[in-house]
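Structure, as structure tokens:
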Amino acid sequence: MVQALGQMRIGFIGGGNMAEALIRGLLAAGAAPANLLVAELLDSRREQLRQRYGVQALTQSSALLEQADIIVLAVKPQAAEAALAPISDLFEPHHCLISILAGVSTARLEKLLGGTPRVIRVMPNTPALIGAGAAGISRGRNATDADEQRACALFRSVGQVQVVKEALLDAVTGLSGSGPAYAYLLIEAMADGGVLEGLPRDVALQLAAQTVAGAAQMVLQEGEHPALLRDRVCSPAGTTIAALRCLEAAGLRSAVIEAVACAAQRSRELAG
Ligand SMILES: NC(=O)C1=CN([C@@H]2O[C@H](COP(=O)(O)OP(=O)(O)OC[C@H]3O[C@@H](n4cnc5c(N)ncnc54)[C@H](O)[C@@H]3O)[C@@H](O)[C@H]2O)C=CC1
Ligand SMILES: O=C(O)[C@@H]1CCC=N1
């Protein structure tokens with residue numbers, strides 16, 4: 001049986017933006033602050049995490065391994081080697097490493113840890129902070145079915161999870177890992193358009209964000225193809241089809257496809 005979230009003790013190595021999003025999401029989903037530990041290099045960051053969330057914030061990652069079975073690696077890909085060096089000798093068969101690093105393969109992580117460590121790779125995204133995350137998951141060669149189920153349960157508590165082949169995690173990174181930034185750009189640009197047409201900035205921003213959120217909910221809840229939903233907004237000779245003509249002429253669709261591909265390529269480069 002998969003451990004309930006409330007019983008999991010989870011140690012984060014690296015307490016930056018994505019770790020904080022996960023910590024907030026997990027706490028909101030029912031994790032106890034005492035069961036969440038973070039090893040973070042920066043004093044100021046440790047203090048913030050302690051004060052904001054009541055989690056244990058430590059200087060040494062080695063201390064995490066005494067208290068937690070699940071270790072979430074949340075440093076930048078370039079810092080993976082330095083972050084794993086102090087724990088490789090302490091990593092025991094009951095530990096499972098969940099890496100959220102873009103690009104870095106399970107094979108590389110296994111090699112850095114040495115032996116036959118249980119490793120899972122996850123590519124989450126920051127909306128996990130409000131329980132609206134989207135994550136791709138893939139397991140390394142020594143991880144068990146139970147490890148995968150536990151990782152899925154963990155990330156399902158803060159959003160949606162898709163299990164994919166490891167080779168596809170770069171694609172997940174380009175799409176949903178980096179994707180919130182594309183959506184924020186769209187919201188900002190739509191709000192700018194509203195301001196250009198005379199709306200107050202705050203009203204424009206609310207309308208833009210709610211429109212993107214509502215449109216996304218329609219795709220998720222109605223299960224209908226976005227093209228069909230889009231057609232329903234387009235009245236003949238109306239405003240929307242005039243706007244879509246502008247977006248197509250400006251190459252929005254191609255630009256977004258290219259953006260996902262560029263991010264996936266960057267993820268492959270980060271493999272090291
Ligand atoms: N920010 C995002 O939206 C997402 C990030 N990721 C992945 O998450 C990882 C972290 O990204 P961010 O949170 O954005 O970066 P960040 O720079 O905000 O956080 C990294 C943190 O790790 C700390 N750190 C570095 N080396 C350490 C060590 N040896 N021991 C303890 N702490 C250490 C740093 O002081 C920093 O606070 C990256 O590998 C990234 O690919 C994955 C999905 C989404
Ligand atoms: O920008 C990055 O490299 C990370 C990985 C996915 C989202 N943020």
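Ordered as shown in the structure tokens, chains take letters A, B, and onward, while each chain numbers its residues from 1 and ligands are numbered from 1 in the order shown.
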Those in range 37-219 of chain A with strand (DSSP E) from DSSP, as a PyMOL selection string
chain A and resi 37-39+56-58+70-73+96-99+118-123+133-139+159-163
Okay, now the selection with C-alpha atoms, as a PDB file, in the first residue's frame?
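To be explicit, this is the file written out as again18.pdb:
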```
ATOM      1  CA  LEU A  37      13.001  19.093   5.855  1.00  0.00           C
ATOM      2  CA  VAL A  38      15.157  21.306   3.672  1.00  0.00           C
ATOM      3  CA  ALA A  39      18.930  21.506   3.322  1.00  0.00           C
ATOM      4  CA  GLN A  56      13.051  22.134   9.430  1.00  0.00           C
ATOM      5  CA  ALA A  57      15.748  24.009   7.532  1.00  0.00           C
ATOM      6  CA  LEU A  58      19.263  22.587   7.821  1.00  0.00           C
ATOM      7  CA  ILE A  70      12.420  10.423   0.273  1.00  0.00           C
ATOM      8  CA  ILE A  71      15.065  12.909  -0.803  1.00  0.00           C
ATOM      9  CA  VAL A  72      13.987  15.515  -3.361  1.00  0.00           C
ATOM     10  CA  LEU A  73      16.926  16.969  -5.257  1.00  0.00           C
ATOM     11  CA  CYS A  96      14.725   7.044  -2.750  1.00  0.00           C
ATOM     12  CA  LEU A  97      16.017  10.080  -4.621  1.00  0.00           C
ATOM     13  CA  ILE A  98      13.429  12.123  -6.497  1.00  0.00           C
ATOM     14  CA  SER A  99      15.209  14.530  -8.812  1.00  0.00           C
ATOM     15  CA  ARG A 118      16.610   4.061  -6.249  1.00  0.00           C
ATOM     16  CA  VAL A 119      16.107   7.167  -8.374  1.00  0.00           C
ATOM     17  CA  ILE A 120      12.960   8.737  -9.815  1.00  0.00           C
ATOM     18  CA  ARG A 121      12.920  11.769 -12.102  1.00  0.00           C
ATOM     19  CA  VAL A 122      10.061  14.234 -11.965  1.00  0.00           C
ATOM     20  CA  MET A 123       9.512  17.400 -13.973  1.00  0.00           C
ATOM     21  CA  GLY A 133       0.690  21.523 -10.920  1.00  0.00           C
ATOM     22  CA  ALA A 134       1.435  19.330 -13.923  1.00  0.00           C
ATOM     23  CA  ALA A 135       4.264  16.823 -13.613  1.00  0.00           C
ATOM     24  CA  GLY A 136       5.929  14.180 -15.770  1.00  0.00           C
ATOM     25  CA  ILE A 137       7.471  11.179 -13.969  1.00  0.00           C
ATOM     26  CA  SER A 138       9.921   8.501 -15.029  1.00  0.00           C
ATOM     27  CA  ARG A 139      11.814   5.964 -12.967  1.00  0.00           C
ATOM     28  CA  GLY A 159      -1.671  18.516  -9.260  1.00  0.00           C
ATOM     29  CA  GLN A 160      -1.731  16.204 -12.282  1.00  0.00           C
ATOM     30  CA  VAL A 161       0.850  13.513 -13.031  1.00  0.00           C
ATOM     31  CA  GLN A 162       1.756  11.796 -16.310  1.00  0.00           C
ATOM     32  CA  VAL A 163       4.123   8.804 -16.278  1.00  0.00           C
TER      33      VAL A 163
END
```
Need the shell around range 225-239 of chain A: protein/DNA/RNA residues with any atom at most 10 Å away, counting only C-alpha atoms. Skip same-chain ones fewer than 6 positions apart. Format as a PyMOL selection string?
chain A and resi 215-216+218-219
Environment of ligand 1 within 7 Å, counting only C-alpha atoms and all ligand atoms, reported as a short mmCIF file (atom, residue, chain, number, x, y, z; two decimals) with C-alpha atoms, in the first residue's frame:
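So the final result, stored in selection-v8.cif, reads:
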```cif
data_model
loop_
_atom_site.label_atom_id
_atom_site.label_comp_id
_atom_site.auth_asym_id
_atom_site.auth_seq_id
_atom_site.Cartn_x
_atom_site.Cartn_y
_atom_site.Cartn_z
CA ILE A 13 18.20 19.38 -1.08
CA GLY A 14 17.94 22.99 -2.27
CA GLY A 15 15.26 25.34 -1.01
CA GLY A 16 14.75 27.61 -4.02
CA ASN A 17 11.69 28.56 -6.06
CA MET A 18 10.54 25.10 -7.09
CA ALA A 19 11.20 23.52 -3.68
CA ALA A 39 18.93 21.51 3.32
CA GLU A 40 19.80 24.89 1.85
CA LEU A 41 23.13 26.68 1.46
CA LEU A 42 21.84 30.24 1.93
CA ARG A 45 16.67 31.31 2.50
CA SER A 61 22.13 17.66 3.43
CA ALA A 74 15.98 20.58 -6.10
CA VAL A 75 19.22 22.37 -6.93
CA LYS A 76 20.12 23.72 -10.36
CA PRO A 77 21.24 21.02 -12.83
CA ALA A 79 24.93 21.93 -9.01
CA ALA A 82 28.29 19.11 -5.68
CA ALA A 83 24.92 18.48 -4.02
CA ILE A 100 13.34 17.49 -10.29
CA LEU A 101 16.37 18.69 -12.23
CA ALA A 102 15.88 19.61 -15.88
CA MET A 123 9.51 17.40 -13.97
CA PRO A 124 7.00 19.43 -11.96
CA ASN A 125 5.91 23.05 -12.42
CA THR A 126 5.34 25.98 -10.09
CA GLY A 177 7.90 22.56 -16.77
CA SER A 178 8.63 25.87 -18.47
#
```
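The gap separating CA of Gln210 in chain A from CA of Ala183 in chain A is 12.0 Å, in Å to one decimal.
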Just the alpha helix (DSSP H) stuff from range 109-178 of chain A, please, per backbone DSSP, written as a VMD selection string.
chain A and resid 109 to 113 145 to 156 169 to 172
Just want the 6 Å neighbourhood of Ala31 in chain A, counted on only C-alpha atoms, with same-chain residues fewer than 2 positions away dropped. Output as a VMD selection string.
chain A and resid 5 to 6 26 to 27
Between A:Ala271, A:Ala132, A:Val256, A:Leu220, which one has atoms that come closest to ligand 2, using only C-alpha atoms and all ligand atoms?
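Among A:Ala271, A:Ala132, A:Val256, A:Leu220, it is A:Ala271 that comes nearest to ligand 2.
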May I ask which of the residues A:Gln265, A:Ser88, A:Ser176, A:Gln206 is the closest one to ligand 2, counting only C-alpha atoms and all ligand atoms?
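Smallest distance to ligand 2 is found for A:Ser176.
The nearest approach to ligand 2 among the residues A:Gly131, A:Gly115, A:Gly193, A:Gly103, with only C-alpha atoms and all ligand atoms taken into account, belongs to A:Gly103.
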From the list A:Ala85, A:Tyr182, A:Pro117, A:Ser267, the nearest residue to Ala255 in chain A using only C-alpha atoms is A:Tyr182
Contacts of Asn35 in chain A within 9 Å, only C-alpha atoms, excl. fewer than 5 positions in-chain, as a PyMOL selection string
chain A and resi 6-11+55-56+67-68
Do a neighbour search on Ala153 in chain A at 9 Å with only C-alpha atoms, toss out local chain neighbours closer than 4 positions, and write the hits as a PyMOL selection string.
chain A and resi 2-5+148-149+157+161
Long-range neighbours of Pro86 in chain A as a ChimeraX atom specification, 10 Å cut-off, only C-alpha atoms, 5 positions minimum in chain:
/A:60-62,81,91,113
So that I have them on file, write out the residues from the current selection with C-alpha atoms, as a short mmCIF file (atom, residue, chain, number, x, y, z; two decimals), in the first residue's frame.
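The result, stored in result37.cif:
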```cif
data_model
loop_
_atom_site.label_atom_id
_atom_site.label_comp_id
_atom_site.auth_asym_id
_atom_site.auth_seq_id
_atom_site.Cartn_x
_atom_site.Cartn_y
_atom_site.Cartn_z
CA GLN A 60 23.88 19.90 5.94
CA SER A 61 22.13 17.66 3.43
CA SER A 62 23.67 14.64 5.20
CA GLU A 81 27.38 16.82 -8.59
CA PHE A 91 22.57 6.82 0.67
CA LEU A 113 25.35 8.38 -5.98
#
```
For each of A:Leu175, A:Cys152, A:Ala29, A:Ala250, take the minimum atom-to-atom distance to ligand 2, counting only C-alpha atoms and all ligand atoms, then give the residue where this is smallest.
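Ranked by minimum distance to ligand 2, first place goes to A:Leu175.
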Given only C-alpha atoms and all ligand atoms as the basis, pick out the residue of A:Met190, A:Ala181, A:Val158, A:Ala204 nearest to ligand 2.
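Ranked by minimum distance to ligand 2, first place goes to A:Ala181.
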